[in-house]
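Take a look at the structure below.
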Amino acid sequence: MKITSDYLVVGSGIAGLCYALKVADHGQVSLVTKREVATTATSLAQGGIAAVAAVSDSFEQHINDTMEAGAWLPDEEIVRIVVENGPSAITDLIDWGVNFSRKEDQTYDLTREGGHSQRRIYHSKDETGKEIERALVEAVKAHPNITVYENHVAVDLITEAKVTRRRMKPDRCLGVYVLNRETGQVSTFGAPITVLATGGAGKVYLYTCNPDIATGDGIAMAYRAGATIANMEFMQFHPTTLYHPHAKSFLVSEAVRGEGAILRRSDGTAFMESYHPLKDLAPRDIVARAIDHEMKMHGDDCVFLDITHKEADYIRERFPHIYETCLGYGIDMTVAPIPVVPAAHYLCGGITVDDWGETDIKNLFAIGEVSCTGLHGANRLASNSLLEGVVFAKRAAERALSMAPRSIPPCPPIESWDPGHAKNSDEEVVVAHNWDEIRLCMWNYVGIVRSDKRLIRALRRVQMIQEEIADYYWDFLITSDLIELRNIATVAELIIRCALKRKESRGLHYNIDYLEKDDIHYKQDTLIRKTF
Ligand code: SIN
């Protein structure tokens with residue numbers, strides 16, 4: 001089957017939905033998404049979206065906080081673009097129907113999170129992402145020009161080089177091969193302009209607060225097609241996910257610390273003041289490392305997040321979702337501290353893009369977590385990611401509209417997906433086993449604290465698994481699980497290779513063989529590109 005449209009979007013989080021809404025008045029949009037439309041990382045975002053609003057705040061302060069959290073690696077020009085577009089991004093969201101929490105006097109209730117010197121985070125209680133996703137999905141479903149394809153998994157990018165079997169620089173994107181999870185059929189989605197908004201890759205790690213869909217598909221596909229990938233060593237570990245045998249890495253928002261919660265050891269000692277002057281509101285990389293250190297030093301399985309000094313009514317009103325979820329596991333956070341551990345949360349690296357979200361493959365854009373715009377540097381400032389998603393969706397849409405898709409030269413005929421001699425697999429256990437092995441290996445060897453020896457060991461393991469996947473991939477009919485396994489293996493390899501290139505410790509990349517930051521040699525992005 002072949003489906004053609006003016007604009008093709010892969011992914012239905014904040015970036016993909018905003019982009020679709022921005023271009024939909026000008027042409028037909030196909031929006032492909034792996035599961036149900038609202039099954040996204042955006043939907044799980046608790047904290048909020050940062051934008052300067054208070055009179056005591058300023059763009060300069062937000063820029064400085066972003067640069068500092070990012071260990072001075074962010075691209076200051078990009079930081080300025082995103083920060084200065086913050087207020088209009090909030091206006092767009094409100095216009096699309098998003099309800100942010102307000103105070104009694106009806107002004108917006110701005111909260112704080114780690115690394116922010118001011119209250120500047122718009123939120124919808126503690127389910128900001130769910131509210132944003134609700135409003136955007138409603139707007140998308142109401143638009144006659146947008147067709148949403150749920151349960152459709154992108155397999156690979158279709159490029160001119162692939163179709164014509166000639167190397168070309170730069171290559172041009174013509175669309176995407178997509179697997180329908182319900183029928184098992186692979187279709188060709190063709191479009192003059194394709195946007196990847198596929199999100200992050202937390203599932204590369206054993207413990208993550210990301211949804212199951214976060215398997216780095218966009219990054220893996222773009223890498224295979226020849227796009228440049230950057231800064232994959234900077235995987236952000238969220239300091240506080242619920243520690244409970246039955247909780248599947250439930251995030252406890254940093255806004256809880258923003259409103260006064262304190263991290264304590266099991267004996268009740270508060271420990272953050274010995275790590276950073278901002279104590280519990282230090283940037284996330286520092287807090288996650290401090291927790292890791294405390295747990296290892298004292299042989300504890302977790303630390304505790306204590307907000308019991310606040311009024312119970314206030315806690316229940318401000319954090320209803322966290323309160324109810326913890327209570328469901330037998331923890332009443334109004335009277336008892338919450339057991340927490342760090343877990344993989346956000347990938348700061350991704351597909352490199354220019355100021356408008358365009359990759360180095362022509363007519364291919366990447367927006368949201370899948371991209372590396374230069375905003376986050378070595379560590380993302382909390383609540384900057386939803387903002388980046390809206391700002392870059394808008395910029396990519398502006399650029400795409402200026403390219404007038406209907407005037408782009410027609411693409412050469414695209415061959416349908418050829419399954420070759422592939423047959424149904426009778427050994428699904430191979431997929432499950434390799435999946436678990438990669439995630440455990442990444443957690444143990446490429447986690448919060450790294451060393452060259454562990455990284456080399458991890459690379460060897462992942463490359464062996466990749467060889468096995470390659471054999472398996474061409475012998476058996478593809479399934480969603482196999483596509484995702486191939487992608488997490490690719491992303492794992494890219495994370496390790498980037499980590500091995502950076503011979504220093506900066507932001508989220510902490511290597512015990514190089515404890516210091518080295519501005520002379522490494523104050524630059526780590527770039528990686530497939531050689532053909
Ligand atoms: C949180 O609520 O702690 C997550 C916010 C973010 O990652 O930006």
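Ordered as shown in the structure tokens, chains take letters A, B, and onward, while each chain numbers its residues from 1 and ligands are numbered from 1 in the order shown.
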key: Ala54 in chain A environment, 10 Å, only C-alpha atoms, sequence neighbours closer than 5 positions dropped, as a ChimeraX atom specification   = /A:108,110,118-120
Take the selection from the previous step and output its residues with all heavy atoms, as an mmCIF file, in the first residue's frame.
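And here is the file that came out, again24.cif:
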```cif
data_model
loop_
_atom_site.group_PDB
_atom_site.id
_atom_site.type_symbol
_atom_site.label_atom_id
_atom_site.label_comp_id
_atom_site.auth_asym_id
_atom_site.auth_seq_id
_atom_site.Cartn_x
_atom_site.Cartn_y
_atom_site.Cartn_z
ATOM 1 N N TYR A 108 -1.424 32.909 36.664
ATOM 2 C CA TYR A 108 -0.897 31.542 36.561
ATOM 3 C C TYR A 108 0.001 31.217 37.749
ATOM 4 O O TYR A 108 0.775 32.066 38.210
ATOM 5 C CB TYR A 108 -0.147 31.367 35.234
ATOM 6 C CG TYR A 108 -1.121 31.264 34.082
ATOM 7 C CD1 TYR A 108 -1.300 32.326 33.195
ATOM 8 C CD2 TYR A 108 -1.900 30.127 33.925
ATOM 9 C CE1 TYR A 108 -2.221 32.243 32.166
ATOM 10 C CE2 TYR A 108 -2.843 30.031 32.901
ATOM 11 C CZ TYR A 108 -2.997 31.087 32.027
ATOM 12 O OH TYR A 108 -3.919 31.003 31.031
ATOM 13 N N LEU A 110 3.041 29.725 38.959
ATOM 14 C CA LEU A 110 4.335 29.280 38.433
ATOM 15 C C LEU A 110 5.078 28.518 39.516
ATOM 16 O O LEU A 110 5.180 28.979 40.644
ATOM 17 C CB LEU A 110 5.161 30.496 37.988
ATOM 18 C CG LEU A 110 4.481 31.383 36.944
ATOM 19 C CD1 LEU A 110 5.309 32.646 36.700
ATOM 20 C CD2 LEU A 110 4.283 30.627 35.637
ATOM 21 N N GLN A 118 14.370 31.055 39.316
ATOM 22 C CA GLN A 118 13.090 31.768 39.487
ATOM 23 C C GLN A 118 11.933 30.786 39.341
ATOM 24 O O GLN A 118 12.070 29.748 38.704
ATOM 25 C CB GLN A 118 12.932 32.829 38.383
ATOM 26 C CG GLN A 118 13.887 33.983 38.455
ATOM 27 C CD GLN A 118 13.490 35.004 39.509
ATOM 28 O OE1 GLN A 118 12.340 35.050 39.959
ATOM 29 N NE2 GLN A 118 14.441 35.840 39.912
ATOM 30 N N ARG A 119 10.787 31.194 39.836
ATOM 31 C CA ARG A 119 9.552 30.439 39.549
ATOM 32 C C ARG A 119 9.133 30.818 38.131
ATOM 33 O O ARG A 119 8.772 31.966 37.875
ATOM 34 C CB ARG A 119 8.446 30.847 40.530
ATOM 35 C CG ARG A 119 8.636 30.253 41.895
ATOM 36 C CD ARG A 119 7.466 30.545 42.797
ATOM 37 N NE ARG A 119 7.620 29.784 44.015
ATOM 38 C CZ ARG A 119 7.051 28.588 44.224
ATOM 39 N NH1 ARG A 119 6.246 28.064 43.337
ATOM 40 N NH2 ARG A 119 7.280 27.947 45.348
ATOM 41 N N ARG A 120 9.207 29.847 37.212
ATOM 42 C CA ARG A 120 8.822 30.164 35.822
ATOM 43 C C ARG A 120 8.210 28.960 35.123
ATOM 44 O O ARG A 120 8.200 28.897 33.900
ATOM 45 C CB ARG A 120 10.030 30.694 35.038
ATOM 46 C CG ARG A 120 11.187 29.724 34.870
ATOM 47 C CD ARG A 120 12.187 30.236 33.851
ATOM 48 N NE ARG A 120 13.021 31.299 34.330
ATOM 49 C CZ ARG A 120 14.265 31.114 34.818
ATOM 50 N NH1 ARG A 120 14.795 29.911 34.904
ATOM 51 N NH2 ARG A 120 14.971 32.154 35.220
#
```
inquiry  = Please identify all protein, DNA and RNA residues within 9 Å of ligand 1, counting only C-alpha atoms and all ligand atoms, and report them as an NGL selection string.
reply    = :A and (44-50 or 113-114 or 126-128 or 236 or 238-240 or 251-257 or 345-346 or 380-386)
File dump, residues just selected, N, CA and C atoms, as a compact mmCIF listing (two decimals), in the first residue's frame:
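Once written, again-v7.txt looks like this:
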```txt
# COMPACT_ATOMS: atom_id res chain seq x y z
N LEU A 44 3.17 11.80 30.02
CA LEU A 44 3.63 11.47 31.37
C LEU A 44 4.34 12.64 32.07
N ALA A 45 4.59 13.72 31.33
CA ALA A 45 5.34 14.83 31.92
C ALA A 45 4.54 15.42 33.08
N GLN A 46 5.17 15.50 34.22
CA GLN A 46 4.44 16.01 35.39
C GLN A 46 4.71 17.49 35.61
N GLY A 47 6.01 17.82 35.71
CA GLY A 47 6.45 19.14 36.18
C GLY A 47 5.83 20.29 35.42
N GLY A 48 6.21 20.48 34.16
CA GLY A 48 5.62 21.57 33.42
C GLY A 48 6.46 22.08 32.28
N ILE A 49 6.22 23.34 31.93
CA ILE A 49 6.87 23.95 30.78
C ILE A 49 7.39 25.33 31.22
N ALA A 50 8.68 25.53 31.01
CA ALA A 50 9.33 26.74 31.52
C ALA A 50 9.17 27.90 30.53
N GLU A 113 11.71 24.24 39.67
CA GLU A 113 12.35 22.92 39.68
C GLU A 113 13.85 23.13 39.75
N GLY A 114 14.58 22.00 39.84
CA GLY A 114 16.03 22.07 40.00
C GLY A 114 16.71 22.92 38.93
N ASP A 126 -0.06 18.27 38.82
CA ASP A 126 1.13 17.45 38.56
C ASP A 126 0.92 16.52 37.37
N GLU A 127 0.06 16.96 36.43
CA GLU A 127 -0.15 16.18 35.20
C GLU A 127 -0.17 17.12 34.00
N THR A 128 0.88 17.93 33.90
CA THR A 128 0.94 18.95 32.85
C THR A 128 0.91 18.32 31.45
N GLN A 236 19.98 11.74 30.54
CA GLN A 236 19.65 12.31 31.85
C GLN A 236 18.91 11.28 32.71
N HIS A 238 16.63 10.85 35.90
CA HIS A 238 15.81 11.64 36.82
C HIS A 238 16.11 11.14 38.23
N PRO A 239 16.36 12.07 39.17
CA PRO A 239 16.78 11.62 40.50
C PRO A 239 15.72 10.85 41.26
N THR A 240 14.45 11.17 41.02
CA THR A 240 13.44 10.62 41.95
C THR A 240 12.32 9.87 41.23
N LEU A 251 7.50 8.33 38.06
CA LEU A 251 8.24 9.55 38.32
C LEU A 251 7.62 10.34 39.47
N VAL A 252 8.46 10.84 40.36
CA VAL A 252 7.98 11.77 41.38
C VAL A 252 8.58 13.13 41.03
N SER A 253 7.75 14.01 40.55
CA SER A 253 8.20 15.25 39.92
C SER A 253 9.18 16.05 40.77
N GLU A 254 10.11 16.69 40.06
CA GLU A 254 11.05 17.58 40.71
C GLU A 254 10.33 18.78 41.34
N ALA A 255 9.12 19.02 40.86
CA ALA A 255 8.33 20.12 41.44
C ALA A 255 8.06 19.85 42.92
N VAL A 256 8.10 18.58 43.34
CA VAL A 256 7.90 18.27 44.77
C VAL A 256 9.06 18.88 45.56
N ARG A 257 10.28 18.76 45.00
CA ARG A 257 11.41 19.45 45.65
C ARG A 257 11.29 20.97 45.46
N HIS A 345 15.74 9.06 31.98
CA HIS A 345 14.58 9.95 31.84
C HIS A 345 14.56 10.70 30.51
N TYR A 346 15.70 11.27 30.10
CA TYR A 346 15.66 12.16 28.94
C TYR A 346 17.00 12.12 28.20
N ARG A 380 19.98 18.74 30.45
CA ARG A 380 18.78 19.57 30.22
C ARG A 380 18.28 20.20 31.51
N LEU A 381 17.97 21.47 31.44
CA LEU A 381 17.31 22.14 32.56
C LEU A 381 15.86 21.67 32.60
N ALA A 382 15.37 21.34 33.80
CA ALA A 382 14.01 20.82 33.95
C ALA A 382 13.00 21.72 33.24
N SER A 383 12.01 21.09 32.63
CA SER A 383 10.89 21.77 31.98
C SER A 383 11.26 22.62 30.77
N ASN A 384 12.48 22.45 30.27
CA ASN A 384 12.85 23.10 29.01
C ASN A 384 12.47 22.26 27.80
N SER A 385 12.15 20.97 28.02
CA SER A 385 11.94 20.12 26.84
C SER A 385 10.58 20.32 26.19
N LEU A 386 9.53 20.48 26.98
CA LEU A 386 8.22 20.74 26.36
C LEU A 386 8.30 22.07 25.61
```
query = With only C-alpha atoms as the basis for distance, which of A:Val370, A:Ala400, A:Ala225, A:Ala53 is at the shortest distance from Met168 in chain A?
reply =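 Looking at the shortest contact to Met168 in chain A, the residue is A:Ala225.
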query = Any idea what's packed within 9 Å of Ala397 in chain A, counting only C-alpha atoms, ignoring anything in its chain fewer than 2 positions away? Could you give it as a list of chain:residue names?
reply =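 Answer for this query is A:Cys18, A:Tyr19, A:Ala20, A:Lys22, A:Val23, A:Trp356, A:Phe392, A:Ala393, A:Lys394, A:Arg395, A:Arg399, A:Ala400, A:Leu401, A:Ser402.
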request  = Quick one: pick out all strand (DSSP E or B) residues within range 271-428 of chain A from a backbone DSSP run and write them as a PyMOL selection string.
outcome  = chain A and resi 303-306+338-347+350-352+358+362+364-366+371-372+423
task = Find the distance between CA of His26 in chain A and CA of Asp6 in chain A and write it in Å to one decimal.
result =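 So the two atoms, CA of His26 in chain A and CA of Asp6 in chain A, lie 8.8 Å apart.
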query = Nearest to Thr208 in chain A: which of A:Ala282, A:Val140, A:Ala41, A:Val55 is it, counting only C-alpha atoms?
reply =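 Selected residue with least distance to Thr208 in chain A: A:Ala41.
Distances from A:Ser88, A:Asn444, A:Thr531, A:Ser451 to Tyr514 in chain A were compared using only C-alpha atoms, and the smallest one belongs to A:Ser451.
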query = Which residues in range 283-437 of chain A does DSSP call alpha helix (DSSP H)? List them as number ranges by chain.
reply = A: 284-298, 312-318, 320-328, 385-402, 428-437
12 Å contact set for Tyr522 in chain A, only C-alpha atoms, chain neighbours under 4 positions out, as an mmCIF file with C-alpha atoms, in the first residue's frame:
```cif
data_model
loop_
_atom_site.group_PDB
_atom_site.id
_atom_site.type_symbol
_atom_site.label_atom_id
_atom_site.label_comp_id
_atom_site.auth_asym_id
_atom_site.auth_seq_id
_atom_site.Cartn_x
_atom_site.Cartn_y
_atom_site.Cartn_z
ATOM 1 C CA ALA A 71 27.576 22.668 31.860
ATOM 2 C CA TRP A 72 28.179 25.535 29.414
ATOM 3 C CA LEU A 73 27.882 23.245 26.415
ATOM 4 C CA ASN A 231 25.846 14.115 22.179
ATOM 5 C CA GLY A 377 24.192 20.817 26.065
ATOM 6 C CA ALA A 378 25.482 18.348 28.641
ATOM 7 C CA CYS A 498 29.884 9.010 22.077
ATOM 8 C CA ALA A 499 30.758 8.305 25.725
ATOM 9 C CA LYS A 501 34.898 9.893 22.618
ATOM 10 C CA ARG A 502 34.410 12.311 25.522
ATOM 11 C CA LYS A 503 37.526 12.023 27.686
ATOM 12 C CA GLU A 504 36.277 14.300 30.466
ATOM 13 C CA SER A 505 33.419 14.555 32.960
ATOM 14 C CA ARG A 506 30.799 17.126 32.037
ATOM 15 C CA HIS A 509 28.633 12.247 31.439
ATOM 16 C CA TYR A 514 38.641 11.698 33.668
ATOM 17 C CA GLU A 516 37.533 17.010 35.447
ATOM 18 C CA LYS A 517 35.889 19.113 32.773
ATOM 19 C CA ASP A 518 38.320 19.790 29.899
ATOM 20 C CA THR A 526 30.314 14.749 20.101
ATOM 21 C CA LEU A 527 29.352 14.009 16.493
#
```
